[in-house]
Amino acid sequence: MASIFIGIVLTLKQQEMPSNAVSTNVAKVEQSGQVIVNSPNTVVNGASNLATEKQEPADTSSEKGNVTSALENISHSTIMANEELTYIDIQDGEFDEPESNETTDENATSYEDDFIAQDDIDDETIERIQNEAAKENAQKEKLSPEAETALESFLDVADEALRIQNQFSYTVARGDKLADVLEQSGLSATTAKVLEKKFPQLANLSTGQQFYWVLDKDGELEYMNWLVSEKEEKIFERKSKNQFSVQTIQKEGIWKQDVVKGTLNGDFTSSLKAEGLSTRQINQLAAGLQWQIATNKLKKGDKFVILVKREYINGKVTELGNVEAIRVVSGNKSYYAIQADNGRYYSLHGETLGRGFARYPLQSTPRVSSPFNPRRLHPVTRRVAPHKGVDFGLPVGTPIIAPADGVVEHVAYQANGAGRYIKLRHGGQYTTVYMHLSRQLVRPGQTVKKGERIGLSGNTGRSTGPHLHYEFHINGRPVNPMTVKLPGTGSGMPEKERKAFLVKARKIEAQLKL
């Protein structure tokens with residue numbers, strides 16, 4: 001065990017150091033504002049490295065103190081005019097969800113819609129796991145001081161990994177509201193409405209603007225960075241339970257359109273980071289490609305070329321920028337994702353990349369027996385127990401259908417939890433979950449099409465009545481299935497706009513030559 005933990009720690013520590021995982025075509029050629037680059041020096045802007053960059057030890061008496069310290073150490077681009085902080089005051093309960101008008105049918109819903117620690121397994125497997133655990137505990141007692149130190153370091157890194165999961169980024173597409181942005185992390189529309197009311201400029205978002213935000217351990221908004229334009233940023237930081245500070249930063253960076261070329265010699269993320277792309281930009285690319293090819297399926301030797309407009313300060317690239325296009329060559333096949341003027345990505349021929357989702361995983365509009373509610377009060381324990389999905393009151397045996405194309409990721413049974421349940425993966429960001437089924441009609445690894453039957457509703461597990469508990473996850477976080485802006489929504493282009501896009505795509509194709 002000692003060697004395993006030490007190996008893990010060393011691996012994670014190595015990932016913190018600059019990677020040379022990509023072999024690139026080294027060239028710097030300025031052509032009408034366009035620069036072909038290789039691995040530029042990077043200066044951090046905003047807060048994308050909040051959890052990934054190692055910070056100096058802080059006072060551990062308060063987690064909030066640690067976070068504030070980390071934020072204060074973030075380096076922003078050159079500031080021309082830094083306005084004094086303004087403040088947004090929030091009244092108690094203002095971020096709380098309003099009482100739902102939906103009546104909860106206790107005979108067709110459950111207050112225990114959650115996963116338990118593990119799926120049900122047989123006695124033989126339980127005995128084997130217990131024996132292995134006993135051996136591991138015995139080995140742990142014999143750990144050397146060096147191994148104990150390595151274990152503690154491993155746990156510290158694991159804690160940082162949890163912080164990373166609470167960081168989110170999003171590029172505004174035409175028609176997006178602040179609620180559409182923040183709901184990507186599971187925050188309710190109420191949070192967006194309160195912020196818009198307190199800071200009206202947030203009610204008028206423009207295509208191409210970028211947001212980066214962090215949630216605290218309780219899932220509440222803690223920090224938000226809004227790139228309003230190439231010359232202006234706004235930083236929202238929670239100072240107390242009921243107050244945010246707002247800082248405006250005027251920037252004097254130079255923006256250039258770069259062509260970045262490389263060959264994968266590791267995973268997709270580390271390869272692009274070695275090329276100076278930020279976490280935000282890599283997430284943009286992964287989202288743009290997800291309906292064509294999963295980035296974790298790309299192999300060593302696959303080639304890529306990226307068109308990205310980004311900011312330079314004193315000749316060094318910052319982590320701000322917008323990815324305009326990517327071409328990936330894998331298995332002698334090229335995959336393109338090109339951003340249109342509406343902020344969304346399309347194929348080389350103007351085809352929509354975001355697959356359409358149905359609002360309901362059913363053949364007809366169902367009755368909601370219990371709505372999505374992150375602050376639901378448990379009727380028995382009187383404790384706040386989040387309801388991470390929506391319940392539909394259905395007779396046992398009602399067909400459940402896939403709301404979009406996907407792959408069956410998991411099929412299992414939990415007698416004291418979710419009952420018989422199914423997880424579907426749709427692209428790289430989206431997962432849907434179906435609980436308390438009476439029967440599954442699919443198997444793990446199976447590809448399913450939109451509208452295909454995947455199971456039958458039931459009353460299995462800790463359920464108080466026949467119903468379907470349905471969850472919609474974005475990047476692993478549950479969001480409200482009834483209000484979230486579904487992938488592919490509003491992604492069609494009018495004919496005139498599509499013709500203009502095709503002209504633009506031909507020019508970009510010429511820039512993405514390998």
# chains A, B, ... in the order shown; residues from 1 in each chain; ligands from 1
>>> residues_around(residues="Pro361 in chain A", least_positions_apart="4", cutoff="12 Å", atoms="only C-alpha atoms", output="number ranges by chain")
A: 357, 365-366, 390-392, 398-405, 424, 432-434, 450-457, 468-472, 481-482
>>> residues_around(residues="Asn107 in chain A", least_positions_apart="3", cutoff="9 Å", atoms="only C-alpha atoms", output="NGL selection string")
:A and (104 or 110 or 369 or 393 or 464-467)
>>> closest_residue(among="A:Asn225, A:Lys388, A:Asn322, A:Lys273", to="Ile338 in chain A", atoms="only C-alpha atoms")
A:Asn322
>>> residues_around(residues="range 202-217 of chain A", least_positions_apart="4", cutoff="6 Å", atoms="only C-alpha atoms", output="list in words")
Asn166, Gln167, Phe168, Ser169, Tyr170, Thr171, Val172, Ala173, Arg174, Glu196, Leu221, Glu222, Tyr223, Met224, Asn225, Trp226, Leu227, Val228 and Gly343 of chain A
>>> write_last_selection(atoms="N, CA and C atoms", output="CSV table (one decimal), in the first residue's frame")
chain,number,residue,atom,x,y,z
A,166,ASN,N,-15.6,22.0,-8.1
A,166,ASN,CA,-16.6,23.1,-7.9
A,166,ASN,C,-16.2,24.4,-8.7
A,167,GLN,N,-15.4,24.2,-9.8
A,167,GLN,CA,-15.1,25.3,-10.6
A,167,GLN,C,-15.8,25.1,-12.0
A,168,PHE,N,-16.3,26.2,-12.6
A,168,PHE,CA,-17.1,26.1,-13.8
A,168,PHE,C,-16.7,27.2,-14.7
A,169,SER,N,-16.9,27.0,-16.0
A,169,SER,CA,-16.7,28.1,-17.0
A,169,SER,C,-17.7,27.9,-18.1
A,170,TYR,N,-18.0,29.0,-18.8
A,170,TYR,CA,-19.1,29.0,-19.8
A,170,TYR,C,-18.9,30.2,-20.7
A,171,THR,N,-19.1,29.9,-22.0
A,171,THR,CA,-19.1,31.0,-23.0
A,171,THR,C,-20.5,31.3,-23.5
A,172,VAL,N,-20.9,32.5,-23.4
A,172,VAL,CA,-22.3,32.9,-23.7
A,172,VAL,C,-22.6,32.7,-25.2
A,173,ALA,N,-23.7,32.1,-25.5
A,173,ALA,CA,-24.2,31.9,-26.8
A,173,ALA,C,-25.4,32.9,-27.0
A,174,ARG,N,-25.8,33.1,-28.2
A,174,ARG,CA,-27.0,34.0,-28.4
A,174,ARG,C,-28.2,33.5,-27.7
A,196,GLU,N,-29.2,39.7,-10.9
A,196,GLU,CA,-29.6,40.7,-12.0
A,196,GLU,C,-30.3,41.9,-11.4
A,221,LEU,N,-22.8,30.1,-4.5
A,221,LEU,CA,-21.9,30.9,-5.3
A,221,LEU,C,-20.9,31.6,-4.4
A,222,GLU,N,-19.6,31.5,-4.7
A,222,GLU,CA,-18.6,32.1,-3.9
A,222,GLU,C,-17.7,33.1,-4.6
A,223,TYR,N,-17.5,32.9,-5.9
A,223,TYR,CA,-16.7,33.8,-6.7
A,223,TYR,C,-17.1,33.7,-8.2
A,224,MET,N,-17.2,34.8,-8.9
A,224,MET,CA,-17.6,34.8,-10.3
A,224,MET,C,-16.8,35.9,-11.0
A,225,ASN,N,-16.1,35.4,-12.1
A,225,ASN,CA,-15.3,36.3,-13.0
A,225,ASN,C,-16.1,36.4,-14.3
A,226,TRP,N,-16.4,37.7,-14.7
A,226,TRP,CA,-17.2,37.9,-15.9
A,226,TRP,C,-16.3,38.7,-16.9
A,227,LEU,N,-15.9,38.1,-18.0
A,227,LEU,CA,-15.2,38.8,-19.0
A,227,LEU,C,-16.2,39.5,-19.9
A,228,VAL,N,-16.5,40.8,-19.6
A,228,VAL,CA,-17.5,41.6,-20.3
A,228,VAL,C,-17.1,41.9,-21.7
A,343,GLY,N,-22.2,32.1,-31.3
A,343,GLY,CA,-21.5,31.5,-30.1
A,343,GLY,C,-21.5,30.0,-30.0
>>> closest_residue(among="A:Glu497, A:Asp89, A:Glu112, A:Asp176", to="Phe199 in chain A", atoms="only C-alpha atoms")
A:Asp89
>>> select_by_dssp(residues="range 375-419 of chain A", states="strand (DSSP E or B)", output="list in words")
Leu377, Val384, His387, Val390, Asp391, Phe392, Gly393, Pro399, Ile400, Ile401, Gly406, Val407, Val408, Glu409, His410, Val411, Ala412, Tyr413, Gln414 and Gly419 of chain A
>>> select_by_dssp(residues="range 245-353 of chain A", states="alpha helix (DSSP H)", output="short mmCIF file (atom, residue, chain, number, x, y, z; two decimals) with N, CA and C atoms, in the first residue's frame")
data_model
loop_
_atom_site.label_atom_id
_atom_site.label_comp_id
_atom_site.auth_asym_id
_atom_site.auth_seq_id
_atom_site.Cartn_x
_atom_site.Cartn_y
_atom_site.Cartn_z
N PHE A 268 -5.57 14.51 -23.70
CA PHE A 268 -5.98 15.72 -24.40
C PHE A 268 -5.72 16.97 -23.56
N THR A 269 -6.11 16.93 -22.30
CA THR A 269 -5.98 18.11 -21.44
C THR A 269 -4.53 18.52 -21.23
N SER A 270 -3.68 17.58 -20.84
CA SER A 270 -2.28 17.92 -20.56
C SER A 270 -1.56 18.36 -21.84
N SER A 271 -1.95 17.77 -22.97
CA SER A 271 -1.33 18.15 -24.24
C SER A 271 -1.64 19.60 -24.59
N LEU A 272 -2.89 20.01 -24.40
CA LEU A 272 -3.27 21.39 -24.72
C LEU A 272 -2.75 22.38 -23.69
N LYS A 273 -2.67 21.95 -22.43
CA LYS A 273 -2.09 22.84 -21.41
C LYS A 273 -0.63 23.11 -21.72
N THR A 279 -7.58 26.13 -18.80
CA THR A 279 -8.64 25.17 -18.49
C THR A 279 -9.95 25.60 -19.13
N ARG A 280 -10.24 26.90 -19.12
CA ARG A 280 -11.47 27.40 -19.73
C ARG A 280 -11.51 27.04 -21.22
N GLN A 281 -10.41 27.30 -21.91
CA GLN A 281 -10.36 27.06 -23.36
C GLN A 281 -10.44 25.56 -23.68
N ILE A 282 -9.80 24.75 -22.86
CA ILE A 282 -9.86 23.30 -23.06
C ILE A 282 -11.29 22.80 -22.86
N ASN A 283 -11.98 23.34 -21.86
CA ASN A 283 -13.38 22.97 -21.64
C ASN A 283 -14.24 23.38 -22.82
N GLN A 284 -13.94 24.55 -23.39
CA GLN A 284 -14.66 25.01 -24.58
C GLN A 284 -14.51 24.00 -25.72
N LEU A 285 -13.28 23.55 -25.94
CA LEU A 285 -13.00 22.62 -27.02
C LEU A 285 -13.66 21.26 -26.78
N ALA A 286 -13.56 20.78 -25.55
CA ALA A 286 -14.17 19.49 -25.22
C ALA A 286 -15.67 19.53 -25.46
N ALA A 287 -16.30 20.66 -25.09
CA ALA A 287 -17.75 20.81 -25.31
C ALA A 287 -18.06 20.87 -26.80
N GLY A 288 -17.22 21.56 -27.57
CA GLY A 288 -17.45 21.67 -29.00
C GLY A 288 -17.29 20.34 -29.73
N LEU A 289 -16.39 19.49 -29.24
CA LEU A 289 -16.11 18.21 -29.89
C LEU A 289 -16.98 17.06 -29.40
#
>>> closest_residue(among="A:Ile235, A:Trp291, A:Lys309, A:Gly315", to="Gln257 in chain A", atoms="only C-alpha atoms")
A:Lys309
>>> atom_distance(atom1="CA of Leu512 in chain A", atom2="CA of Lys256 in chain A")
16.1 Å
>>> closest_residue(among="A:Gln184, A:Ser463, A:Tyr360, A:Leu348", to="Lys507 in chain A", atoms="only C-alpha atoms")
A:Leu348
>>> atom_distance(atom1="CA of Val407 in chain A", atom2="CA of His426 in chain A")
6.7 Å
>>> residues_around(residues="Thr352 in chain A", least_positions_apart="2", cutoff="12 Å", atoms="only C-alpha atoms", output="number ranges by chain")
A: 288-289, 291-292, 336-340, 344-350, 354-356, 487-493, 498
>>> residues_around(residues="range 413-419 of chain A", least_positions_apart="3", cutoff="7 Å", atoms="only C-alpha atoms", output="list in words")
Glu112, Asp113, Asp114, Phe115, Ile116, Asp119, Asp120, Met435, His436, Leu437, Thr460, Gly461 and Arg462 of chain A
>>> residues_around(residues="Gln511 in chain A", least_positions_apart="6", cutoff="9 Å", atoms="only C-alpha atoms", output="count of residues only")
3
>>> residues_around(residues="Arg477 in chain A", least_positions_apart="2", cutoff="7 Å", atoms="only C-alpha atoms", output="PDB file with N, CA, C and O atoms, in the first residue's frame")
ATOM      1  N   SER A 185     -23.978  24.718 -13.244  1.00  0.00           N
ATOM      2  CA  SER A 185     -23.398  24.176 -12.014  1.00  0.00           C
ATOM      3  C   SER A 185     -24.469  23.794 -11.002  1.00  0.00           C
ATOM      4  O   SER A 185     -24.157  23.497  -9.845  1.00  0.00           O
ATOM      5  N   GLY A 186     -25.726  23.816 -11.413  1.00  0.00           N
ATOM      6  CA  GLY A 186     -26.809  23.429 -10.520  1.00  0.00           C
ATOM      7  C   GLY A 186     -27.412  24.562  -9.723  1.00  0.00           C
ATOM      8  O   GLY A 186     -28.354  24.350  -8.960  1.00  0.00           O
ATOM      9  N   HIS A 473     -27.681  15.621 -15.211  1.00  0.00           N
ATOM     10  CA  HIS A 473     -26.408  16.108 -14.678  1.00  0.00           C
ATOM     11  C   HIS A 473     -25.600  16.791 -15.772  1.00  0.00           C
ATOM     12  O   HIS A 473     -25.543  16.317 -16.908  1.00  0.00           O
ATOM     13  N   ILE A 474     -24.961  17.904 -15.422  1.00  0.00           N
ATOM     14  CA  ILE A 474     -23.996  18.567 -16.302  1.00  0.00           C
ATOM     15  C   ILE A 474     -22.656  18.558 -15.578  1.00  0.00           C
ATOM     16  O   ILE A 474     -22.538  19.073 -14.471  1.00  0.00           O
ATOM     17  N   ASN A 475     -21.664  17.943 -16.204  1.00  0.00           N
ATOM     18  CA  ASN A 475     -20.338  17.817 -15.580  1.00  0.00           C
ATOM     19  C   ASN A 475     -20.427  17.242 -14.172  1.00  0.00           C
ATOM     20  O   ASN A 475     -19.728  17.664 -13.250  1.00  0.00           O
ATOM     21  N   VAL A 479     -28.876  19.232 -12.122  1.00  0.00           N
ATOM     22  CA  VAL A 479     -29.562  20.488 -12.408  1.00  0.00           C
ATOM     23  C   VAL A 479     -31.038  20.178 -12.564  1.00  0.00           C
ATOM     24  O   VAL A 479     -31.444  19.016 -12.664  1.00  0.00           O
TER      25      VAL A 479
END
>>> atom_distance(atom1="CA of Glu232 in chain A", atom2="CA of Ala325 in chain A")
23.7 Å
>>> closest_atom_pairs(of="range 171-217 of chain A", to="range 370-373 of chain A", cutoff="12 Å", atoms="only C-alpha atoms", output="Markdown table")
| residue | atom | partner | partner_atom | distance |
| --- | --- | --- | --- | --- |
| A:Gly186 | CA | A:Asn373 | CA | 10.5 |
| A:Leu187 | CA | A:Asn373 | CA | 10.7 |
| A:Ser188 | CA | A:Asn373 | CA | 9.1 |
| A:Ala189 | CA | A:Asn373 | CA | 11.7 |
| A:Thr190 | CA | A:Asn373 | CA | 11.8 |
>>> write_last_selection(atoms="all heavy atoms", output="compact mmCIF listing (two decimals), in the first residue's frame")
# COMPACT_ATOMS: atom_id res chain seq x y z
N GLY A 186 -25.73 23.82 -11.41
CA GLY A 186 -26.81 23.43 -10.52
C GLY A 186 -27.41 24.56 -9.72
O GLY A 186 -28.35 24.35 -8.96
N LEU A 187 -26.90 25.80 -9.88
CA LEU A 187 -27.50 26.94 -9.18
C LEU A 187 -28.87 27.24 -9.78
O LEU A 187 -29.07 27.16 -10.99
CB LEU A 187 -26.59 28.17 -9.29
CG LEU A 187 -25.29 28.12 -8.49
CD1 LEU A 187 -24.41 29.30 -8.84
CD2 LEU A 187 -25.58 28.11 -6.98
N SER A 188 -29.79 27.62 -8.93
CA SER A 188 -31.15 27.84 -9.39
C SER A 188 -31.30 29.17 -10.10
O SER A 188 -30.45 30.07 -10.00
CB SER A 188 -32.11 27.81 -8.19
OG SER A 188 -31.92 28.96 -7.38
N ALA A 189 -32.43 29.32 -10.80
CA ALA A 189 -32.73 30.57 -11.49
C ALA A 189 -32.90 31.70 -10.50
O ALA A 189 -32.70 32.88 -10.83
CB ALA A 189 -33.99 30.40 -12.33
N THR A 190 -33.25 31.38 -9.26
CA THR A 190 -33.42 32.41 -8.23
C THR A 190 -32.12 33.15 -7.98
O THR A 190 -32.10 34.38 -7.83
CB THR A 190 -33.92 31.77 -6.92
OG1 THR A 190 -35.16 31.11 -7.16
CG2 THR A 190 -34.12 32.84 -5.85
>>> closest_residue(among="A:Gly428, A:Glu252, A:Asn314, A:Lys234", to="Asn296 in chain A", atoms="only C-alpha atoms")
A:Gly428
